[in-house]
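Structure first, then comments.
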Amino acid sequence: AVFSYQIGLSVGGLGGLLAGYHEARAVAEARESAQTERERRRLEELNQLLRHDVLNNLTVIEGNLDLALADVDDPAVADHIETARTQTREATEHIQNVRVLVQSARGAPELGPVDLSETLAGELAQLRDSYPAADITADVPADIRVRADDLLGSIFENLVRNAVEHNDGETPHVSVSARRSGDTVAVRVADDGPGVPETVAQSLYETPERGDHGLGLHLVETLVDRYGGSIRLAANDADGA
C-alpha cells in the first residue's frame, strides 16, 4: 500500500510538473510571438521610411546631379559629380534590395505560374537603359513559365547588375539564356569579367557584414531558395563567371 501511494504521489507530482512546464512554454511562446510581431512591424515601418522618404530624396539628388554634370566643363568637378551619382545609385539599389528582402520574409510565399520569358525581357530592357555601355544579350524562348511570384525579376536584376558593375572592361558583355528540361528551367547568366576569387566565392551568397554588393547576391540566393531552386557559380568558358 505504501509502495502504491508513493508511485501515485510521484506520478501526480510529475503531472503537475508537466502541466506547469507546458503552461510556462505556452506563455514563453506567446511572448516570443508578440516580440516577433513587434519586430516585424518596426521592420515594416523602417521599410516604408526607406522606400518613401529616403528613396524619394535619392531620386531628387540623382536628378540634380545629372543636371549639374551636363553644365560642368571642368573635368575634375565632373569626376566628383560622377562619384556622387555612383554612390547615390548604389544607395538606391541597397534600399530596393532591402525592400525585396522584407517582402520575402512575410510568411509563407504564395507561388504560382509566372512568365519567366516576359520577366527577363523586362528586366534586361531596364538594365540596358541603365548601362548603355554594356552589351547585354538574351537567348530566351517565349512562353517559359516557372513557379514563383512577383519578386522573381530581382534575381536577374541583381545577377546582371553585379556582372556589369564588377567588369573592368571597356564594354562589359553579359549573356542570359534559359532552357527548359522536363519540370526544370535553367537560367544561365555569363559575363567576360575578371571572375570571382576563390576566397570570395566561398561566402558569395552570405549576408554581408557591411552594405556592399554582397546584399544583392544574398537576396538572389534567398529568392532562389524561396522558389525551391538552386544556384551555382562556375567559371565561364572564356573569361568571367
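By order of appearance in the C-alpha cells: chains A, B, ..., then residues from 1 within every chain, and ligands from 1 in the order shown.
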
Counting only C-alpha atoms, what is within 6 Å of Pro113 in chain A, bar same-chain residues fewer than 3 positions away, as a JSON list (two decimals) with N, CA and C atoms, in the first residue's frame?
[["chain", "number", "residue", "atom", "x", "y", "z"],
["A", 145, "ARG", "N", 7.23, 29.34, -68.35],
["A", 145, "ARG", "CA", 6.63, 29.71, -67.07],
["A", 145, "ARG", "C", 7.26, 28.90, -65.95],
["A", 146, "VAL", "N", 7.43, 29.55, -64.81],
["A", 146, "VAL", "CA", 8.00, 28.90, -63.64],
["A", 146, "VAL", "C", 7.12, 29.19, -62.42],
["A", 147, "ARG", "N", 7.30, 28.43, -61.38],
["A", 147, "ARG", "CA", 6.54, 28.61, -60.14],
["A", 147, "ARG", "C", 7.27, 29.64, -59.27]]

Residues flagged strand (DSSP E or B) by DSSP in range 47-237 of chain A, as a PyMOL selection string:
chain A and resi 112-115+135-139+145-148+173-181+184-191

Selection from above, N, CA and C atoms, as a compact mmCIF listing (two decimals), in the first residue's frame, can you write it?
# COMPACT_ATOMS: atom_id res chain seq x y z
N GLY A 112 2.88 30.85 -57.81
CA GLY A 112 2.03 30.44 -58.92
C GLY A 112 2.77 30.60 -60.21
N PRO A 113 2.15 30.31 -61.35
CA PRO A 113 2.82 30.42 -62.64
C PRO A 113 3.21 31.86 -62.97
N VAL A 114 4.48 32.08 -63.30
CA VAL A 114 4.99 33.39 -63.68
C VAL A 114 5.71 33.25 -65.02
N ASP A 115 5.46 34.18 -65.93
CA ASP A 115 6.09 34.15 -67.24
C ASP A 115 7.55 34.57 -67.12
N ASP A 135 27.08 45.42 -73.18
CA ASP A 135 26.47 44.59 -74.22
C ASP A 135 25.74 43.44 -73.52
N ILE A 136 24.42 43.58 -73.39
CA ILE A 136 23.60 42.59 -72.68
C ILE A 136 22.73 41.87 -73.69
N THR A 137 22.97 40.58 -73.87
CA THR A 137 22.24 39.80 -74.87
C THR A 137 21.39 38.73 -74.18
N ALA A 138 20.38 38.26 -74.90
CA ALA A 138 19.49 37.25 -74.32
C ALA A 138 19.15 36.18 -75.35
N ASP A 139 19.07 34.95 -74.90
CA ASP A 139 18.63 33.82 -75.71
C ASP A 139 17.61 33.06 -74.88
N ARG A 145 7.23 29.34 -68.35
CA ARG A 145 6.63 29.71 -67.07
C ARG A 145 7.26 28.90 -65.95
N VAL A 146 7.43 29.55 -64.81
CA VAL A 146 8.00 28.90 -63.64
C VAL A 146 7.12 29.19 -62.42
N ARG A 147 7.30 28.43 -61.38
CA ARG A 147 6.54 28.61 -60.14
C ARG A 147 7.27 29.64 -59.27
N ALA A 148 6.72 30.83 -59.18
CA ALA A 148 7.39 31.92 -58.46
C ALA A 148 6.34 32.96 -58.05
N HIS A 173 30.39 42.49 -71.36
CA HIS A 173 29.50 41.60 -72.10
C HIS A 173 28.81 40.65 -71.12
N VAL A 174 27.50 40.61 -71.17
CA VAL A 174 26.72 39.71 -70.32
C VAL A 174 25.68 39.02 -71.20
N SER A 175 25.62 37.70 -71.12
CA SER A 175 24.62 36.95 -71.88
C SER A 175 23.71 36.20 -70.91
N VAL A 176 22.43 36.18 -71.23
CA VAL A 176 21.43 35.49 -70.41
C VAL A 176 20.71 34.49 -71.30
N SER A 177 20.67 33.23 -70.88
CA SER A 177 19.98 32.20 -71.65
C SER A 177 19.12 31.37 -70.72
N ALA A 178 18.07 30.78 -71.27
CA ALA A 178 17.16 29.93 -70.49
C ALA A 178 16.82 28.70 -71.31
N ARG A 179 16.80 27.55 -70.64
CA ARG A 179 16.46 26.29 -71.28
C ARG A 179 15.58 25.47 -70.34
N ARG A 180 14.55 24.87 -70.92
CA ARG A 180 13.67 24.01 -70.13
C ARG A 180 14.02 22.55 -70.37
N SER A 181 14.06 21.77 -69.29
CA SER A 181 14.31 20.34 -69.37
C SER A 181 13.37 19.64 -68.40
N THR A 184 12.09 21.38 -65.06
CA THR A 184 13.07 22.34 -64.57
C THR A 184 13.45 23.33 -65.66
N VAL A 185 13.67 24.57 -65.27
CA VAL A 185 14.19 25.59 -66.18
C VAL A 185 15.53 26.06 -65.63
N ALA A 186 16.55 26.04 -66.48
CA ALA A 186 17.87 26.52 -66.09
C ALA A 186 18.14 27.86 -66.77
N VAL A 187 18.47 28.86 -65.98
CA VAL A 187 18.83 30.18 -66.49
C VAL A 187 20.32 30.39 -66.26
N ARG A 188 21.03 30.77 -67.31
CA ARG A 188 22.49 30.96 -67.21
C ARG A 188 22.81 32.43 -67.47
N VAL A 189 23.51 33.05 -66.53
CA VAL A 189 23.98 34.43 -66.68
C VAL A 189 25.50 34.37 -66.74
N ALA A 190 26.07 34.72 -67.88
CA ALA A 190 27.52 34.61 -68.09
C ALA A 190 28.11 35.96 -68.44
N ASP A 191 29.32 36.23 -67.96
CA ASP A 191 29.98 37.51 -68.26
C ASP A 191 31.43 37.26 -68.64

So that I can see what lies close to Gly195 in chain A, please list as a ChimeraX atom specification the residues with an atom at most 9 Å from it, counting only C-alpha atoms and leaving out residues fewer than 4 positions away in the same chain.
/A:166-167,191,235-236,239-241

Pick the closest to Ala78 in chain A from A:Arg226, A:Gly122, A:Gly193, A:Leu65: which is it, counting only C-alpha atoms?
A:Leu65

Find the residues near Thr119 in chain A: any atom within 10 Å, counting only C-alpha atoms, skip ones fewer than 3 places away on the same chain, and give them as a ChimeraX atom specification.
/A:114-116,122-124,144-145,150-154,156

One decimal, in Å: what's the spacing between CA of Arg89 in chain A and CA of Thr59 in chain A?
8.8 Å
